[in-house]
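Okay, so here's the structure we're looking at.
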Amino acid sequence: MCGIVGYVGKNQAMETLVNSLKKLEYRGYDSAGVSVLNGNITTYKTEGSIDKLSAILPSEMDGKIGIAHTRWATHGAPSTTNAHPHESGDFSVVHNGIIENYLEIREKLEQNGYEFKSETDTEVIVHLINFNYSNNSDSSFYDAVRESLQELEGSYAVAILCKEYPDTLIAARKDSPLVLGLGDSEVFVSSDVTAFLDHTKNVVFVEDGEIVSIDSSGVNYTNFDGQNIQKEITTIDWDVEAAEKAGYEHFMLKEIHEQVSAIQDTFSGKIFELEGKIKLDELNLDPKDITEIERIEIIACGTSWNAGLLAKYLFEKIAGVHTDVSTSSEFRYGDPVMRNDVLTIAITQSGETADTLAAIRSTNQYGCNSIAITNVVGSTITRETENVLYTRAGPEIGVAATKTFTSQLLTLYLLAIYFGRIRYQISAEDSRELLEAIKRLPGQIQKVLEQRNQIKECAVEYSDVADFFFIGRYLNYPIALEGALKLKEISYIHAEGYAAGELKHGPIALLTKDTPVVAIATHGNTYEKILSNIKEVKARSAKVIAVADEDDREIRKYVDTVLKIPKTHELLSPILSAVVLQLLAYYVALERGCAIDKPRNLAKSVTVE
Ligand code: F6R
């Protein structure tokens, strides 16, 4: 997730763009840049924050048209070279999204003499536009953009300048947000309305497959086929803070909703479901290394550790590799038995957790291969491991991890299937079935989100209890732990997650009519077993809230409330159940009036031991 802004108007573009960009900083903040068109295109960019960009800009720059960008790195580390805008010939481009076929296009352009400076996927866009423009003398700026967009696969919101068109800015959208602000003799283009709310509240939402051409005579809208289209102007009544949260009351709720796109972005370009194949180009492990892995050691903390626990089941079932999972703080002071045929995997959304960094450093002496799974490009963990797999959840502002957790889970599923295919532990047919189901997840998460009112009702009913239990078996056990963790950290209700079979070994003594139990009871090989556990719980008069498959009629007989998830592959239901439990925790905390985005005593990145 990045932020883009464009401006065409009566004011000096540089100052206007930088002010707008600051409002988008929550979308990414690892590097920033600006291009202003005034006869020539002048570009400034830098690694670091928008304040750092401001510090390198001249005090004045004449020019009333420009584009700007704040970056959340996906391809290539945060650096000045990788920062946007990217330039080629007379063109300058800013981009938010992921170009899936960038390697293919890059190869074609390199064969045609184009030299790439950055590691980004974005740079192909600007060279491609330049290529199409230069190769056809009849081609206008608009034609070259339109032709280039037809070649791009993936997601993008782009804003483009061309030196030969001194008063024109072109923008387009596919699967990434783009909105226009129509002010008094000025037009803004942006990833969201926050950027220009102090100038205008009249907006036009650009839809997928639309191109916008803005010049001194006005705004022209077309589709990708070049046909003119009419757009409606909407007047919005948000203030800046509400707009940053896209109208959601909290970042956490916004981020729960963003899981639809976070999951899509995380698998985008990696899944080839027809062949039952996964491509993980980032991994530098050859098939021999993967076949020879004797054991996997996962190291992580908190929510990331819960993701690791689920991954243990996946690596063992799908890839046939024995897997251990350690909390980083225990691992670093223990005496682990390690050899060079152990693969270590560090899971950390921030990439900066002190215990995880120390634990992974302590494994260096054994000569093991290592992989980091993180959401932050260029974070410290990426320098501590040989291989990095990035989740593509975008920045997470709410302290409680939500979209980063499900993106970690998905990445671990992909890795397990990838290993499983190379180790001949999963057939092409079974892999295809799983990958097809993964592709349906974004739509299914959307369906879970649409049930938020029912989940809210349930949350309100139980919001004043003192203790909660969460139980699950097998793949649902880590989700029970995560459900309990989410609830306790944001609502301050005491909550315990248990493997359902463990209840009778002690904790069942605590159950009364006042201790609700959330049972994750989706279909799978332990379904009958968890039904028995639910009956044990009910016999102690505790209320049961079940998370169950939408077609499960049986479960209703035994529980007080059913929260449903869409039917999916039985290995994938944990991702959908996790979303239900995030919403449950959120609405309980909301009802209790808690500081949801900044829970007491917690920090987003735990950089101390
Ligand atoms: C819980 C939460 C924490 C983190 C933990 C590890 O919502 O966010 O438990 O999961 O502090 O952080 P990372 O993944 O950044 O290493």
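Note on naming: chains are A, B, ... as they come in the structure tokens, residues start from 1 per chain, ligands start from 1 in the order shown.
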
message: Which residues are near Ile65 of chain A? Cut-off 12 Å, only C-alpha atoms, ignore same chain within fewer than 4 positions. Put them as an MDAnalysis selection string.
response: chainID A and resid 5:17 34:42 61 159:163 165:170 186:189 214:216

Would you export the selected residues with N, CA and C atoms as a compact mmCIF listing (two decimals), in the first residue's frame, please?
```txt
# COMPACT_ATOMS: atom_id res chain seq x y z
N VAL A 5 -0.52 11.12 -5.12
CA VAL A 5 -1.26 12.38 -5.27
C VAL A 5 -0.86 13.01 -6.60
N GLY A 6 -1.83 13.67 -7.23
CA GLY A 6 -1.54 14.47 -8.42
C GLY A 6 -2.25 15.80 -8.27
N TYR A 7 -1.71 16.83 -8.91
CA TYR A 7 -2.35 18.15 -8.80
C TYR A 7 -2.25 18.89 -10.13
N VAL A 8 -3.38 19.49 -10.55
CA VAL A 8 -3.39 20.40 -11.69
C VAL A 8 -4.21 21.60 -11.24
N GLY A 9 -3.63 22.80 -11.20
CA GLY A 9 -4.45 23.91 -10.70
C GLY A 9 -3.78 25.25 -10.69
N LYS A 10 -4.30 26.07 -9.80
CA LYS A 10 -3.89 27.47 -9.79
C LYS A 10 -2.72 27.73 -8.83
N ASN A 11 -2.49 26.80 -7.91
CA ASN A 11 -1.45 27.01 -6.90
C ASN A 11 -0.14 26.33 -7.27
N GLN A 12 0.90 26.67 -6.52
CA GLN A 12 2.19 26.01 -6.78
C GLN A 12 2.06 24.53 -6.41
N ALA A 13 2.42 23.67 -7.36
CA ALA A 13 2.17 22.23 -7.19
C ALA A 13 3.00 21.63 -6.06
N MET A 14 4.28 22.03 -5.97
CA MET A 14 5.16 21.36 -5.02
C MET A 14 4.63 21.45 -3.60
N GLU A 15 4.30 22.67 -3.20
CA GLU A 15 3.83 22.87 -1.84
C GLU A 15 2.50 22.14 -1.61
N THR A 16 1.60 22.25 -2.58
CA THR A 16 0.29 21.62 -2.45
C THR A 16 0.45 20.09 -2.36
N LEU A 17 1.32 19.54 -3.19
CA LEU A 17 1.49 18.08 -3.21
C LEU A 17 2.09 17.58 -1.89
N VAL A 34 8.51 13.62 -5.40
CA VAL A 34 7.59 14.53 -6.08
C VAL A 34 8.19 14.91 -7.44
N SER A 35 7.32 15.05 -8.46
CA SER A 35 7.75 15.58 -9.76
C SER A 35 6.87 16.78 -10.08
N VAL A 36 7.48 17.87 -10.53
CA VAL A 36 6.71 19.05 -10.93
C VAL A 36 7.02 19.33 -12.40
N LEU A 37 5.96 19.62 -13.16
CA LEU A 37 6.11 19.88 -14.59
C LEU A 37 6.02 21.38 -14.84
N ASN A 38 7.07 21.91 -15.42
CA ASN A 38 7.05 23.34 -15.77
C ASN A 38 8.06 23.51 -16.92
N GLY A 39 7.61 23.11 -18.12
CA GLY A 39 8.55 23.05 -19.26
C GLY A 39 9.32 21.74 -19.17
N ASN A 40 10.06 21.57 -18.12
CA ASN A 40 10.73 20.29 -17.85
C ASN A 40 10.07 19.63 -16.65
N ILE A 41 10.40 18.34 -16.48
CA ILE A 41 9.93 17.67 -15.26
C ILE A 41 11.08 17.70 -14.25
N THR A 42 10.82 18.26 -13.07
CA THR A 42 11.85 18.27 -12.02
C THR A 42 11.40 17.31 -10.92
N MET A 61 9.51 26.43 -6.00
CA MET A 61 9.65 25.79 -7.31
C MET A 61 8.40 26.16 -8.11
N ALA A 159 -0.50 7.85 -11.68
CA ALA A 159 -0.63 9.23 -12.15
C ALA A 159 0.64 9.52 -12.94
N ILE A 160 0.46 10.15 -14.12
CA ILE A 160 1.57 10.24 -15.08
C ILE A 160 1.66 11.66 -15.64
N LEU A 161 2.90 12.13 -15.80
CA LEU A 161 3.16 13.41 -16.47
C LEU A 161 3.97 13.15 -17.72
N CYS A 162 3.80 14.03 -18.72
CA CYS A 162 4.63 13.95 -19.93
C CYS A 162 5.08 15.38 -20.27
N LYS A 163 6.39 15.53 -20.45
CA LYS A 163 6.98 16.84 -20.70
C LYS A 163 6.37 17.54 -21.92
N TYR A 165 3.41 17.48 -22.92
CA TYR A 165 2.02 17.90 -22.67
C TYR A 165 2.03 18.73 -21.38
N PRO A 166 2.39 20.00 -21.50
CA PRO A 166 2.73 20.77 -20.30
C PRO A 166 1.59 21.06 -19.35
N ASP A 167 0.33 20.83 -19.78
CA ASP A 167 -0.75 21.09 -18.81
C ASP A 167 -1.61 19.85 -18.56
N THR A 168 -1.05 18.66 -18.84
CA THR A 168 -1.88 17.44 -18.75
C THR A 168 -1.34 16.46 -17.71
N LEU A 169 -2.27 15.89 -16.95
CA LEU A 169 -1.94 14.79 -16.04
C LEU A 169 -2.90 13.66 -16.38
N ILE A 170 -2.39 12.45 -16.53
CA ILE A 170 -3.27 11.31 -16.80
C ILE A 170 -3.18 10.35 -15.62
N GLU A 186 -9.00 23.86 -9.60
CA GLU A 186 -7.92 22.92 -9.32
C GLU A 186 -8.50 21.51 -9.20
N VAL A 187 -7.69 20.53 -9.63
CA VAL A 187 -8.12 19.13 -9.56
C VAL A 187 -7.03 18.33 -8.85
N PHE A 188 -7.45 17.49 -7.91
CA PHE A 188 -6.53 16.60 -7.21
C PHE A 188 -6.81 15.17 -7.64
N VAL A 189 -5.77 14.38 -7.68
CA VAL A 189 -5.91 12.93 -7.89
C VAL A 189 -5.26 12.31 -6.66
N ILE A 214 -6.61 15.03 -17.23
CA ILE A 214 -6.91 16.35 -16.65
C ILE A 214 -6.01 17.39 -17.33
N ASP A 215 -6.60 18.46 -17.84
CA ASP A 215 -5.78 19.57 -18.34
C ASP A 215 -6.49 20.88 -18.04
N SER A 216 -5.96 21.97 -18.56
CA SER A 216 -6.52 23.27 -18.20
C SER A 216 -7.97 23.43 -18.67
```

message: Which residues are near Gly443 of chain A? Cut-off 10 Å, only C-alpha atoms, ignore same chain within fewer than 3 positions. Put them as a ChimeraX atom specification.
response: /A:260-261,264,439-440,446-449,566

message: How would you report the residues lying within 6 Å of ligand 1, as a list in words, if you count only C-alpha atoms and all ligand atoms?
response: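 Listing the residues within 6 Å of ligand 1 gives Cys301, Gly302, Thr303, Ser304, Thr348, Gln349, Ser350, Gly351, Thr353, Val399, Ala400, Ala401, Lys486, Ser605 and Val606 of chain A.
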
Those same residues, written as a PDB file, in the first residue's frame with C-alpha atoms?
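What follows is the written file part_21.pdb:
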```
ATOM      1  CA  CYS A 301       6.325 -13.883  19.317  1.00  0.00           C
ATOM      2  CA  GLY A 302       2.659 -13.170  20.100  1.00  0.00           C
ATOM      3  CA  THR A 303       0.312 -13.281  17.149  1.00  0.00           C
ATOM      4  CA  SER A 304       3.171 -14.271  14.837  1.00  0.00           C
ATOM      5  CA  THR A 348       7.565 -11.103  12.470  1.00  0.00           C
ATOM      6  CA  GLN A 349       5.211  -8.615  10.899  1.00  0.00           C
ATOM      7  CA  SER A 350       7.289  -5.601  11.951  1.00  0.00           C
ATOM      8  CA  GLY A 351      10.647  -7.241  11.278  1.00  0.00           C
ATOM      9  CA  THR A 353      10.965  -7.523  17.344  1.00  0.00           C
ATOM     10  CA  VAL A 399      -1.608  -2.127  17.626  1.00  0.00           C
ATOM     11  CA  ALA A 400      -3.520  -5.425  17.506  1.00  0.00           C
ATOM     12  CA  ALA A 401      -2.317  -7.452  14.532  1.00  0.00           C
ATOM     13  CA  LYS A 486      -7.063 -10.466  20.450  1.00  0.00           C
ATOM     14  CA  SER A 605       6.807  -2.842  17.588  1.00  0.00           C
ATOM     15  CA  VAL A 606       8.508  -4.446  20.580  1.00  0.00           C
TER      16      VAL A 606
END
```

query: If we count only C-alpha atoms, what is near segment 582-596 of chain A at a cut-off of 7 Å, once residues fewer than 5 positions away on the same chain are taken out, given as a PyMOL selection string?
result: chain A and resi 402+452+455-456+459-460+463+483+486-487+490-491

message: What parts of segment 66-193 of chain A does DSSP call helix (DSSP H, G or I)? I'd like the answer as a PyMOL selection string.
response: chain A and resi 102-111+123-135+141-151+193

- line: Nearest to Ala539 of chain A, restricted to only C-alpha atoms and choosing among A:Thr344, A:Ile293, A:Gly218, A:Val559, comes out as A:Val559

- prompt: Tell me, which residues of segment 382-550 of chain A carry DSSP strand (DSSP E), written as an MDAnalysis selection string?
  reply: chainID A and resid 387:390 467:472 494:499 517:520 544:549

Residues as selected, C-alpha atoms, written as a short mmCIF file (atom, residue, chain, number, x, y, z; two decimals), in the first residue's frame, can you do that?
```cif
data_model
loop_
_atom_site.label_atom_id
_atom_site.label_comp_id
_atom_site.auth_asym_id
_atom_site.auth_seq_id
_atom_site.Cartn_x
_atom_site.Cartn_y
_atom_site.Cartn_z
CA ASN A 387 15.61 -15.50 2.37
CA VAL A 388 12.70 -13.16 2.82
CA LEU A 389 9.04 -13.71 2.00
CA TYR A 390 7.00 -10.54 2.21
CA ASP A 467 -13.49 -14.42 31.72
CA PHE A 468 -13.70 -16.01 28.27
CA PHE A 469 -12.42 -19.35 27.00
CA PHE A 470 -11.55 -20.15 23.39
CA ILE A 471 -11.17 -23.76 22.36
CA GLY A 472 -10.20 -25.49 19.14
CA HIS A 494 -9.29 -12.23 30.83
CA ALA A 495 -9.31 -14.81 28.02
CA GLU A 496 -7.63 -18.22 27.66
CA GLY A 497 -7.11 -20.25 24.52
CA TYR A 498 -6.97 -24.02 24.93
CA ALA A 499 -6.61 -27.13 22.84
CA VAL A 517 -16.65 -20.53 25.68
CA VAL A 518 -15.94 -19.81 22.02
CA ALA A 519 -15.56 -23.14 20.23
CA ILE A 520 -14.08 -23.19 16.74
CA VAL A 544 -21.10 -21.70 23.97
CA ILE A 545 -20.51 -19.53 20.92
CA ALA A 546 -19.52 -21.73 17.99
CA VAL A 547 -17.65 -20.65 14.88
CA ALA A 548 -18.94 -23.16 12.33
CA ASP A 549 -19.42 -23.80 8.62
#
```
